$ cat protein-v4.txt   # compact mmCIF, C-alpha atoms
# COMPACT_ATOMS: atom_id res chain seq x y z
CA MET A 1 37.50 -151.20 8.36
CA THR A 2 35.94 -153.76 6.02
CA VAL A 3 34.11 -152.25 3.07
CA LYS A 4 30.58 -153.69 2.99
CA ARG A 5 28.47 -150.91 1.46
CA VAL A 6 29.75 -149.28 -1.72
CA GLY A 7 28.49 -146.12 -3.39
CA ILE A 8 29.13 -145.56 -7.08
CA VAL A 9 28.71 -142.14 -8.68
CA GLY A 10 28.17 -142.51 -12.42
CA SER A 11 26.04 -145.02 -14.31
CA GLY A 12 28.04 -145.33 -17.52
CA ILE A 13 29.89 -148.42 -18.72
CA MET A 14 32.48 -148.28 -15.94
CA GLY A 15 30.08 -147.42 -13.13
CA SER A 16 27.68 -150.17 -14.20
CA GLY A 17 30.48 -152.71 -14.51
CA ILE A 18 31.90 -151.89 -11.08
CA ALA A 19 28.39 -152.13 -9.59
CA GLU A 20 27.97 -155.62 -11.04
CA THR A 21 31.41 -156.68 -9.83
CA ALA A 22 30.84 -155.44 -6.28
CA ALA A 23 27.30 -156.82 -6.00
CA LYS A 24 28.28 -160.28 -7.25
CA THR A 25 30.98 -160.47 -4.57
CA GLY A 26 28.61 -159.74 -1.71
CA HIS A 27 28.79 -155.94 -1.36
CA GLU A 28 25.72 -153.75 -0.98
CA VAL A 29 25.79 -151.23 -3.83
CA VAL A 30 24.15 -147.82 -4.19
CA LEU A 31 24.43 -146.69 -7.82
CA ARG A 32 23.82 -142.98 -8.27
CA SER A 33 23.15 -141.09 -11.50
CA ARG A 34 21.90 -137.54 -12.02
CA ARG A 35 18.48 -138.76 -13.17
CA GLN A 36 16.51 -141.73 -11.85
CA GLU A 37 15.97 -143.15 -15.35
CA THR A 38 19.72 -143.21 -16.06
CA ALA A 39 20.29 -144.83 -12.67
CA ASP A 40 17.64 -147.49 -13.38
CA ALA A 41 18.96 -148.31 -16.87
CA PRO A 42 22.16 -150.10 -15.75
CA VAL A 43 20.16 -152.11 -13.20
CA ALA A 44 17.94 -153.31 -16.05
CA GLY A 45 21.11 -154.13 -17.98
CA LEU A 46 22.42 -156.03 -14.98
CA GLU A 47 19.20 -158.07 -14.79
CA LYS A 48 19.64 -159.05 -18.44
CA SER A 49 23.34 -159.86 -18.01
CA LEU A 50 22.71 -162.04 -14.95
CA ALA A 51 19.81 -163.84 -16.67
CA GLN A 52 22.14 -164.71 -19.55
CA GLN A 53 24.73 -166.03 -17.10
CA VAL A 54 22.06 -168.26 -15.51
CA GLU A 55 21.05 -169.56 -18.95
CA LYS A 56 24.67 -170.44 -19.70
CA GLY A 57 25.07 -172.21 -16.37
CA LYS A 58 27.63 -169.72 -15.08
CA LEU A 59 25.41 -168.48 -12.24
CA SER A 60 22.66 -170.00 -10.13
CA ASP A 61 19.24 -168.38 -10.07
CA GLU A 62 19.63 -167.97 -6.30
CA ASP A 63 22.85 -166.00 -6.79
CA ARG A 64 21.18 -163.93 -9.53
CA GLN A 65 18.41 -162.87 -7.20
CA ALA A 66 20.82 -162.19 -4.34
CA THR A 67 23.02 -160.02 -6.56
CA LEU A 68 20.08 -157.94 -7.79
CA GLY A 69 18.86 -157.56 -4.22
CA ARG A 70 22.12 -155.88 -3.25
CA VAL A 71 21.85 -153.07 -5.83
CA THR A 72 19.91 -149.84 -5.27
CA ALA A 73 19.61 -147.18 -7.98
CA THR A 74 19.13 -143.54 -7.03
CA SER A 75 19.41 -139.97 -8.26
CA ASP A 76 19.92 -138.67 -4.71
CA LEU A 77 23.55 -138.20 -3.71
CA GLY A 78 22.41 -138.24 -0.10
CA GLU A 79 21.72 -141.99 -0.42
CA LEU A 80 25.51 -142.50 -0.33
CA ALA A 81 25.85 -141.03 3.18
CA GLU A 82 26.24 -144.37 4.97
CA CYS A 83 28.55 -146.07 2.46
CA ASP A 84 31.95 -147.35 3.62
CA LEU A 85 33.52 -146.44 0.27
CA VAL A 86 32.22 -144.17 -2.49
CA LEU A 87 33.78 -144.57 -5.93
CA GLU A 88 33.37 -141.71 -8.41
CA SER A 89 33.21 -142.85 -12.04
CA ILE A 90 31.99 -139.89 -14.08
CA VAL A 91 33.41 -138.14 -17.16
CA GLU A 92 37.18 -137.53 -17.21
CA ASP A 93 36.85 -133.83 -16.41
CA LEU A 94 38.75 -132.49 -13.41
CA GLY A 95 36.29 -129.67 -12.71
CA ALA A 96 33.31 -132.02 -12.68
CA LYS A 97 35.12 -134.49 -10.44
CA ARG A 98 36.14 -131.75 -8.00
CA GLN A 99 32.52 -130.71 -7.64
CA VAL A 100 31.45 -134.31 -6.91
CA PHE A 101 34.16 -134.73 -4.26
CA ASN A 102 33.20 -131.46 -2.62
CA GLU A 103 29.58 -132.63 -2.37
CA LEU A 104 30.54 -136.14 -1.19
CA ASP A 105 32.75 -134.68 1.54
CA ARG A 106 29.75 -132.80 2.96
CA ILE A 107 27.37 -135.76 2.69
CA CYS A 108 29.38 -138.83 3.68
CA ALA A 109 30.40 -139.97 7.15
CA THR A 110 33.88 -138.88 8.24
CA GLY A 111 35.29 -142.40 7.97
CA THR A 112 34.06 -143.01 4.43
CA ILE A 113 36.77 -143.53 1.81
CA LEU A 114 36.22 -141.27 -1.20
CA ALA A 115 37.81 -142.86 -4.27
CA THR A 116 38.04 -142.06 -7.96
CA ASN A 117 38.09 -144.40 -10.93
CA THR A 118 40.05 -141.88 -13.02
CA SER A 119 42.53 -143.42 -15.42
CA THR A 120 44.78 -140.39 -15.70
CA LEU A 121 43.86 -137.30 -13.67
CA PRO A 122 45.76 -136.31 -10.49
CA VAL A 123 44.06 -137.79 -7.44
CA ILE A 124 45.65 -135.20 -5.11
CA GLU A 125 43.54 -132.50 -6.82
CA LEU A 126 40.41 -134.33 -5.67
CA ALA A 127 41.78 -135.15 -2.21
CA MET A 128 42.46 -131.48 -1.49
CA GLU A 129 38.88 -130.61 -2.47
CA THR A 130 37.81 -132.39 0.72
CA GLY A 131 38.33 -132.04 4.45
CA ARG A 132 39.59 -135.63 4.61
CA PRO A 133 42.52 -135.87 2.16
CA GLU A 134 43.92 -138.81 4.12
CA ARG A 135 40.75 -140.81 3.18
CA VAL A 136 40.96 -140.19 -0.59
CA CYS A 137 42.66 -142.47 -3.14
CA GLY A 138 42.32 -143.86 -6.64
CA VAL A 139 40.67 -147.24 -7.26
CA HIS A 140 41.03 -147.67 -11.01
CA PHE A 141 39.09 -150.59 -12.50
CA PHE A 142 39.56 -151.54 -16.15
CA ASN A 143 36.91 -152.03 -18.82
CA PRO A 144 34.98 -154.33 -18.76
CA ALA A 145 35.12 -154.31 -14.95
CA PRO A 146 33.44 -157.70 -14.41
CA VAL A 147 36.07 -159.38 -16.62
CA MET A 148 39.34 -157.49 -16.20
CA ALA A 149 41.40 -158.71 -13.24
CA LEU A 150 43.51 -155.62 -12.62
CA VAL A 151 42.76 -152.69 -10.29
CA GLU A 152 45.26 -149.86 -9.80
CA ILE A 153 45.24 -148.51 -6.23
CA VAL A 154 46.53 -144.95 -6.56
CA ARG A 155 48.20 -143.34 -3.55
CA PRO A 156 48.18 -139.54 -3.50
CA LEU A 157 50.66 -137.85 -1.15
CA SER A 158 47.88 -137.23 1.37
CA ALA A 159 46.50 -140.79 1.69
CA SER A 160 46.97 -142.73 4.91
CA ASP A 161 48.30 -146.28 5.03
CA ASP A 162 44.95 -147.46 6.41
CA THR A 163 43.08 -145.96 3.45
CA ILE A 164 45.31 -147.70 0.93
CA ALA A 165 45.11 -151.00 2.83
CA GLU A 166 41.30 -150.82 2.95
CA ALA A 167 41.06 -149.93 -0.75
CA ARG A 168 43.35 -152.86 -1.62
CA ALA A 169 41.27 -155.22 0.55
CA PHE A 170 38.10 -154.03 -1.23
CA ALA A 171 39.64 -154.77 -4.64
CA GLU A 172 40.70 -158.21 -3.46
CA ALA A 173 37.23 -158.87 -2.05
CA CYS A 174 35.91 -158.08 -5.55
CA GLY A 175 38.12 -160.90 -6.86
CA LYS A 176 40.64 -158.53 -8.44
CA SER A 177 44.44 -158.35 -8.45
CA PRO A 178 45.35 -154.89 -7.12
CA VAL A 179 48.64 -153.10 -7.72
CA GLU A 180 49.72 -149.98 -5.86
CA VAL A 181 51.03 -146.98 -7.77
CA LYS A 182 51.91 -143.41 -6.88
CA ASP A 183 49.75 -140.55 -8.06
CA GLN A 184 51.34 -139.81 -11.42
CA ALA A 185 49.49 -139.23 -14.70
CA GLY A 186 48.59 -142.49 -16.42
CA PHE A 187 49.61 -144.56 -13.39
CA ILE A 188 51.10 -147.83 -14.76
CA VAL A 189 48.96 -149.17 -17.58
CA ASN A 190 48.01 -146.00 -19.44
CA ALA A 191 51.50 -144.50 -19.03
CA LEU A 192 52.82 -147.48 -21.01
CA LEU A 193 49.82 -148.16 -23.26
CA PHE A 194 49.08 -144.76 -24.76
CA PRO A 195 52.52 -143.98 -26.19
CA TYR A 196 52.17 -147.31 -28.03
CA LEU A 197 48.72 -146.37 -29.37
CA ASN A 198 49.91 -142.87 -30.27
CA ASN A 199 52.89 -144.25 -32.17
CA ALA A 200 50.64 -146.63 -34.07
CA VAL A 201 48.68 -143.61 -35.32
CA ARG A 202 52.00 -141.96 -36.22
CA LEU A 203 53.00 -144.98 -38.34
CA LEU A 204 49.66 -144.77 -40.15
CA GLU A 205 49.90 -141.00 -40.66
CA ASN A 206 53.43 -141.37 -42.06
CA GLY A 207 52.33 -144.08 -44.48
CA VAL A 208 54.64 -146.72 -43.00
CA ALA A 209 51.90 -149.37 -43.17
CA SER A 210 48.13 -149.67 -43.52
CA ARG A 211 45.68 -149.76 -40.67
CA ASP A 212 44.95 -153.44 -41.21
CA ASP A 213 48.62 -154.43 -41.49
CA ILE A 214 49.56 -152.57 -38.31
CA ASP A 215 46.72 -154.27 -36.40
CA THR A 216 47.65 -157.66 -37.86
CA ALA A 217 51.33 -157.16 -37.02
CA MET A 218 50.70 -156.34 -33.37
CA LYS A 219 48.28 -159.22 -32.91
CA GLY A 220 50.53 -161.72 -34.67
CA GLY A 221 53.89 -160.40 -33.49
CA CYS A 222 53.06 -159.55 -29.87
CA GLY A 223 50.13 -161.85 -29.19
CA PHE A 224 47.79 -158.96 -28.38
CA PRO A 225 44.06 -159.79 -28.51
CA MET A 226 43.39 -156.75 -30.70
CA GLY A 227 45.44 -154.30 -32.72
CA PRO A 228 46.04 -150.66 -31.70
CA PHE A 229 43.36 -149.22 -33.99
CA GLN A 230 40.78 -151.72 -32.81
CA LEU A 231 41.67 -150.79 -29.23
CA LEU A 232 41.54 -147.05 -29.90
CA ASP A 233 38.06 -147.45 -31.37
CA LEU A 234 36.99 -149.47 -28.32
CA VAL A 235 38.37 -146.97 -25.80
CA GLY A 236 37.05 -144.00 -27.80
CA LEU A 237 39.25 -141.58 -29.71
CA ASP A 238 38.09 -138.63 -27.60
CA THR A 239 38.93 -140.48 -24.39
CA SER A 240 42.28 -141.52 -25.83
CA LEU A 241 43.08 -137.94 -26.82
CA ALA A 242 42.13 -136.68 -23.35
CA ILE A 243 44.44 -139.24 -21.74
CA LEU A 244 47.35 -138.32 -24.02
CA ASP A 245 46.81 -134.60 -23.34
CA ALA A 246 46.80 -135.23 -19.58
CA LEU A 247 50.00 -137.29 -19.84
CA TYR A 248 51.69 -134.63 -21.94
CA ASP A 249 50.59 -131.78 -19.66
CA GLU A 250 52.25 -133.45 -16.69
CA GLN A 251 55.34 -135.01 -18.28
CA ARG A 252 56.05 -132.80 -21.32
CA ASP A 253 57.40 -135.94 -22.98
CA PRO A 254 57.11 -135.76 -26.81
CA ASN A 255 56.06 -139.41 -26.79
CA TYR A 256 52.77 -138.28 -25.21
CA ALA A 257 52.10 -135.48 -27.70
CA ALA A 258 49.00 -136.59 -29.62
CA VAL A 259 49.57 -137.23 -33.32
CA PRO A 260 47.69 -134.62 -35.42
CA LEU A 261 45.63 -137.30 -37.19
CA LEU A 262 44.12 -138.41 -33.88
CA ARG A 263 43.18 -134.84 -32.93
CA ARG A 264 41.61 -134.21 -36.35
CA MET A 265 39.55 -137.40 -36.15
CA VAL A 266 38.17 -136.29 -32.79
CA THR A 267 37.31 -132.89 -34.28
CA ALA A 268 35.48 -134.74 -37.08
CA GLU A 269 33.59 -136.75 -34.41
CA LEU A 270 35.06 -140.02 -35.65
CA LEU A 271 35.23 -141.33 -32.11
CA GLY A 272 35.22 -145.10 -32.60
CA ARG A 273 32.63 -147.73 -31.75
CA LYS A 274 30.36 -145.42 -29.75
CA ALA A 275 30.04 -143.07 -32.74
CA GLY A 276 29.68 -145.87 -35.30
CA LYS A 277 32.92 -144.88 -37.02
CA GLY A 278 36.54 -144.31 -36.07
CA PHE A 279 39.50 -146.04 -37.63
CA TYR A 280 36.95 -148.69 -38.60
CA ASP A 281 33.38 -148.29 -39.85
CA TYR A 282 30.80 -149.96 -37.55
CA HIS A 283 27.73 -149.03 -39.62
CA ARG A 284 28.34 -151.93 -41.98

$ encode --input "protein-v4.txt" --output "structure tokens"
Amino acid sequence: MTVKRVGIVGSGIMGSGIAETAAKTGHEVVLRSRRQETADAPVAGLEKSLAQQVEKGKLSDEDRQATLGRVTATSDLGELAECDLVLESIVEDLGAKRQVFNELDRICATGTILATNTSTLPVIELAMETGRPERVCGVHFFNPAPVMALVEIVRPLSASDDTIAEARAFAEACGKSPVEVKDQAGFIVNALLFPYLNNAVRLLENGVASRDDIDTAMKGGCGFPMGPFQLLDLVGLDTSLAILDALYDEQRDPNYAAVPLLRRMVTAELLGRKAGKGFYDYHR
């Protein structure tokens, strides 16, 4: 089956970015949020983004109009019933995701692929919440979705070969480079990335070097576009802590045990860019 109509549950940064990516590559997109105003907001953001791309000569006005014409915003989960693939992209909370998958299983056609954009949580837990575990997989886009080339296709034990092949073909049709990974916490990227970020916080907590010197060292020594503290602030310290906790819960590897400083900063609501302050101060 070729994926032509895509449903997206969640209108945050990731959901909005995936909607833009899919619409620009010719897919019909139904973007669902719990309230109509929060569903409409990312469409307004998309209009602005596409207008800027036209101004810069990166997109024709004809393509801008065609892209916008492919996106429908709704608060009604029932609008996703006829989608070929529905991608859940809500908060990283297993209970909330289970509820969404239970509802989607009742609403969507039997052949619809139900996918999750989770970066860490076990996909099999969501698959077994449905009556179609063979049609459930992970399709993990990276932020910002319109720019980042990678998509992790996550295969839970229950997924059929056809489901994985169709999910991979969808990612490729979105212009992405998919990699396949088994259903294990953190998959590939986060399983490698977050021990690095955690250990950077450990170096800071132990007074080995300053925040600025650690960021400078990793940019200059490894060629990274940003240092670990800049990246933690971008991802969000609460999100980073949740990912580390999920990795540690599954692996019990001390390398995944969150450094106390990170946990205390989350308690203090120093969450990074979205809060205006994290390892860096963004109020200035």

$ closest_residue --input "protein-v4.txt" --among "A:Val139, A:Leu104, A:Ile124, A:Ile214" --to "Ala167 in chain A" --atoms "only C-alpha atoms"
A:Val139

$ residues_around --input "protein-v4.txt" --residues "Ser16 in chain A" --least-positions-apart "5" --cutoff "8 Å" --atoms "all atoms listed in the file" --output "tab-separated table (two decimals) with C-alpha atoms, in the frame of the given file"
chain	number	residue	atom	x	y	z
A	10	GLY	CA	28.17	-142.51	-12.42
A	11	SER	CA	26.04	-145.02	-14.31
A	31	LEU	CA	24.43	-146.69	-7.82
A	42	PRO	CA	22.16	-150.10	-15.75
A	43	VAL	CA	20.16	-152.11	-13.20
A	46	LEU	CA	22.42	-156.03	-14.98

$ closest_residue --input "protein-v4.txt" --among "A:Thr112, A:Asn102, A:Gln230, A:Ser177" --to "Ala127 in chain A" --atoms "all atoms listed in the file"
A:Asn102

$ residues_around --input "protein-v4.txt" --residues "Ser158 in chain A" --least-positions-apart "6" --cutoff "12 Å" --atoms "only C-alpha atoms" --output "JSON, numbers by chain"
{"A": [123, 124, 125, 126, 127, 128, 129, 130, 131, 132, 133, 134, 135, 136, 137, 138, 164, 182, 183]}

$ closest_residue --input "protein-v4.txt" --among "A:Pro225, A:Gly207, A:Pro195, A:Gly236" --to "Tyr256 in chain A" --atoms "only C-alpha atoms"
A:Pro195

$ axis_aligned_box --input "protein-v4.txt" --around "range 166-184 of chain A" --padding-each-side "3 Å" --output "JSON"
{"center_x": 43.9, "center_y": -150.4, "center_z": -4.2, "size_x": 22.0, "size_y": 27.1, "size_z": 20.4}

$ residues_around --input "protein-v4.txt" --residues "Thr239 in chain A" --least-positions-apart "6" --cutoff "10 Å" --atoms "only C-alpha atoms" --output "PyMOL selection string"
chain A and resi 91-92+232-233+245+266+271

$ residues_around --input "protein-v4.txt" --residues "Ala22 in chain A" --least-positions-apart "3" --cutoff "10 Å" --atoms "only C-alpha atoms" --output "list in words"
Lys4, Arg5, Val6, Gly17, Ile18, Ala19, Thr25, Gly26, His27, Glu28, Val29, Thr67, Arg70, Val71, Ala145, Pro146, Phe170, Ala171, Ala173, Cys174 and Gly175 of chain A

$ residues_around --input "protein-v4.txt" --residues "range 273-278 of chain A" --least-positions-apart "2" --cutoff "8 Å" --atoms "only C-alpha atoms" --output "ChimeraX atom specification"
/A:233-234,236-237,265,269-271,280-283

$ closest_residue --input "protein-v4.txt" --among "A:Asp105, A:Glu152, A:Asp40, A:Asp249" --to "Ser75 in chain A" --atoms "only C-alpha atoms"
A:Asp40

$ atom_distance --input "protein-v4.txt" --atom1 "CA of Val201 in chain A" --atom2 "CA of Pro228 in chain A"
8.4 Å

$ closest_residue --input "protein-v4.txt" --among "A:Leu247, A:Val259, A:Val151, A:Ala185" --to "Leu203 in chain A" --atoms "only C-alpha atoms"
A:Val259

$ atom_distance --input "protein-v4.txt" --atom1 "CA of Leu193 in chain A" --atom2 "CA of Phe142 in chain A"
12.9 Å

$ atom_distance --input "protein-v4.txt" --atom1 "CA of Val147 in chain A" --atom2 "CA of Ser119 in chain A"
17.3 Å

$ residues_near_point --input "protein-v4.txt" --point "(45.6, -144.8, -25.8)" --cutoff "8 Å" --atoms "all atoms listed in the file" --output "PDB file with C-alpha atoms, in the frame of the given file"
ATOM      1  CA  ASN A 190      48.010-146.000 -19.440  1.00  0.00           C
ATOM      2  CA  LEU A 193      49.820-148.160 -23.260  1.00  0.00           C
ATOM      3  CA  PHE A 194      49.080-144.760 -24.760  1.00  0.00           C
ATOM      4  CA  PRO A 195      52.520-143.980 -26.190  1.00  0.00           C
ATOM      5  CA  TYR A 196      52.170-147.310 -28.030  1.00  0.00           C
ATOM      6  CA  LEU A 197      48.720-146.370 -29.370  1.00  0.00           C
ATOM      7  CA  ASN A 198      49.910-142.870 -30.270  1.00  0.00           C
ATOM      8  CA  LEU A 231      41.670-150.790 -29.230  1.00  0.00           C
ATOM      9  CA  LEU A 232      41.540-147.050 -29.900  1.00  0.00           C
ATOM     10  CA  VAL A 235      38.370-146.970 -25.800  1.00  0.00           C
ATOM     11  CA  SER A 240      42.280-141.520 -25.830  1.00  0.00           C
ATOM     12  CA  LEU A 241      43.080-137.940 -26.820  1.00  0.00           C
ATOM     13  CA  ILE A 243      44.440-139.240 -21.740  1.00  0.00           C
ATOM     14  CA  LEU A 244      47.350-138.320 -24.020  1.00  0.00           C
TER      15      LEU A 244
END

$ closest_residue --input "protein-v4.txt" --among "A:Met218, A:Ala200, A:Lys24, A:Glu172" --to "Ser60 in chain A" --atoms "all atoms listed in the file"
A:Lys24

$ build_atoms --input "protein-v4.txt" --residues "range 165-176 of chain A" --atoms "all heavy atoms" --output "PDB file, keeping the file's coordinate frame"
ATOM      1  N   ALA A 165      45.309-149.595   2.453  1.00  0.00           N
ATOM      2  CA  ALA A 165      45.110-151.000   2.830  1.00  0.00           C
ATOM      3  C   ALA A 165      43.644-151.402   2.669  1.00  0.00           C
ATOM      4  O   ALA A 165      43.333-152.501   2.178  1.00  0.00           O
ATOM      5  CB  ALA A 165      45.572-151.230   4.261  1.00  0.00           C
ATOM      6  N   GLU A 166      42.716-150.517   3.061  1.00  0.00           N
ATOM      7  CA  GLU A 166      41.300-150.820   2.950  1.00  0.00           C
ATOM      8  C   GLU A 166      40.854-150.852   1.485  1.00  0.00           C
ATOM      9  O   GLU A 166      40.030-151.691   1.095  1.00  0.00           O
ATOM     10  CB  GLU A 166      40.488-149.797   3.738  1.00  0.00           C
ATOM     11  CG  GLU A 166      40.648-149.941   5.249  1.00  0.00           C
ATOM     12  CD  GLU A 166      40.236-148.704   6.017  1.00  0.00           C
ATOM     13  OE1 GLU A 166      39.343-147.968   5.536  1.00  0.00           O
ATOM     14  OE2 GLU A 166      40.812-148.457   7.101  1.00  0.00           O
ATOM     15  N   ALA A 167      41.389-149.946   0.675  1.00  0.00           N
ATOM     16  CA  ALA A 167      41.060-149.930  -0.750  1.00  0.00           C
ATOM     17  C   ALA A 167      41.582-151.203  -1.428  1.00  0.00           C
ATOM     18  O   ALA A 167      40.894-151.811  -2.265  1.00  0.00           O
ATOM     19  CB  ALA A 167      41.652-148.696  -1.415  1.00  0.00           C
ATOM     20  N   ARG A 168      42.782-151.621  -1.064  1.00  0.00           N
ATOM     21  CA  ARG A 168      43.350-152.860  -1.620  1.00  0.00           C
ATOM     22  C   ARG A 168      42.501-154.067  -1.208  1.00  0.00           C
ATOM     23  O   ARG A 168      42.200-154.939  -2.033  1.00  0.00           O
ATOM     24  CB  ARG A 168      44.787-153.040  -1.134  1.00  0.00           C
ATOM     25  CG  ARG A 168      45.414-154.354  -1.558  1.00  0.00           C
ATOM     26  CD  ARG A 168      46.809-154.516  -0.980  1.00  0.00           C
ATOM     27  NE  ARG A 168      47.789-153.758  -1.730  1.00  0.00           N
ATOM     28  CZ  ARG A 168      48.421-154.213  -2.802  1.00  0.00           C
ATOM     29  NH1 ARG A 168      48.169-155.431  -3.259  1.00  0.00           N
ATOM     30  NH2 ARG A 168      49.310-153.475  -3.420  1.00  0.00           N
ATOM     31  N   ALA A 169      42.096-154.101   0.068  1.00  0.00           N
ATOM     32  CA  ALA A 169      41.270-155.220   0.550  1.00  0.00           C
ATOM     33  C   ALA A 169      39.931-155.258  -0.171  1.00  0.00           C
ATOM     34  O   ALA A 169      39.409-156.344  -0.472  1.00  0.00           O
ATOM     35  CB  ALA A 169      41.065-155.089   2.059  1.00  0.00           C
ATOM     36  N   PHE A 170      39.355-154.086  -0.477  1.00  0.00           N
ATOM     37  CA  PHE A 170      38.100-154.030  -1.230  1.00  0.00           C
ATOM     38  C   PHE A 170      38.292-154.629  -2.619  1.00  0.00           C
ATOM     39  O   PHE A 170      37.480-155.439  -3.082  1.00  0.00           O
ATOM     40  CB  PHE A 170      37.605-152.589  -1.328  1.00  0.00           C
ATOM     41  CG  PHE A 170      36.555-152.381  -2.388  1.00  0.00           C
ATOM     42  CD1 PHE A 170      35.304-152.961  -2.264  1.00  0.00           C
ATOM     43  CD2 PHE A 170      36.827-151.616  -3.514  1.00  0.00           C
ATOM     44  CE1 PHE A 170      34.330-152.790  -3.252  1.00  0.00           C
ATOM     45  CE2 PHE A 170      35.873-151.433  -4.497  1.00  0.00           C
ATOM     46  CZ  PHE A 170      34.617-152.022  -4.366  1.00  0.00           C
ATOM     47  N   ALA A 171      39.369-154.239  -3.307  1.00  0.00           N
ATOM     48  CA  ALA A 171      39.640-154.770  -4.640  1.00  0.00           C
ATOM     49  C   ALA A 171      39.801-156.289  -4.599  1.00  0.00           C
ATOM     50  O   ALA A 171      39.287-157.012  -5.456  1.00  0.00           O
ATOM     51  CB  ALA A 171      40.874-154.106  -5.235  1.00  0.00           C
ATOM     52  N   GLU A 172      40.510-156.771  -3.604  1.00  0.00           N
ATOM     53  CA  GLU A 172      40.700-158.210  -3.460  1.00  0.00           C
ATOM     54  C   GLU A 172      39.384-158.920  -3.173  1.00  0.00           C
ATOM     55  O   GLU A 172      39.121-160.012  -3.698  1.00  0.00           O
ATOM     56  CB  GLU A 172      41.723-158.493  -2.361  1.00  0.00           C
ATOM     57  CG  GLU A 172      43.151-158.099  -2.746  1.00  0.00           C
ATOM     58  CD  GLU A 172      44.131-158.190  -1.587  1.00  0.00           C
ATOM     59  OE1 GLU A 172      43.677-158.263  -0.420  1.00  0.00           O
ATOM     60  OE2 GLU A 172      45.356-158.182  -1.855  1.00  0.00           O
ATOM     61  N   ALA A 173      38.539-158.292  -2.355  1.00  0.00           N
ATOM     62  CA  ALA A 173      37.230-158.870  -2.050  1.00  0.00           C
ATOM     63  C   ALA A 173      36.338-158.926  -3.290  1.00  0.00           C
ATOM     64  O   ALA A 173      35.429-159.753  -3.374  1.00  0.00           O
ATOM     65  CB  ALA A 173      36.536-158.065  -0.950  1.00  0.00           C
ATOM     66  N   CYS A 174      36.620-158.059  -4.267  1.00  0.00           N
ATOM     67  CA  CYS A 174      35.910-158.080  -5.550  1.00  0.00           C
ATOM     68  C   CYS A 174      36.501-159.109  -6.512  1.00  0.00           C
ATOM     69  O   CYS A 174      36.077-159.200  -7.674  1.00  0.00           O
ATOM     70  CB  CYS A 174      35.948-156.694  -6.205  1.00  0.00           C
ATOM     71  SG  CYS A 174      34.887-155.469  -5.414  1.00  0.00           S
ATOM     72  N   GLY A 175      37.488-159.871  -6.039  1.00  0.00           N
ATOM     73  CA  GLY A 175      38.120-160.900  -6.860  1.00  0.00           C
ATOM     74  C   GLY A 175      39.161-160.366  -7.814  1.00  0.00           C
ATOM     75  O   GLY A 175      39.531-161.047  -8.781  1.00  0.00           O
ATOM     76  N   LYS A 176      39.672-159.168  -7.550  1.00  0.00           N
ATOM     77  CA  LYS A 176      40.640-158.530  -8.440  1.00  0.00           C
ATOM     78  C   LYS A 176      42.067-158.667  -7.918  1.00  0.00           C
ATOM     79  O   LYS A 176      42.300-159.026  -6.769  1.00  0.00           O
ATOM     80  CB  LYS A 176      40.297-157.052  -8.625  1.00  0.00           C
ATOM     81  CG  LYS A 176      38.901-156.794  -9.148  1.00  0.00           C
ATOM     82  CD  LYS A 176      38.630-157.504 -10.464  1.00  0.00           C
ATOM     83  CE  LYS A 176      37.249-157.199 -11.011  1.00  0.00           C
ATOM     84  NZ  LYS A 176      36.958-157.943 -12.257  1.00  0.00           N
TER      85      LYS A 176
END
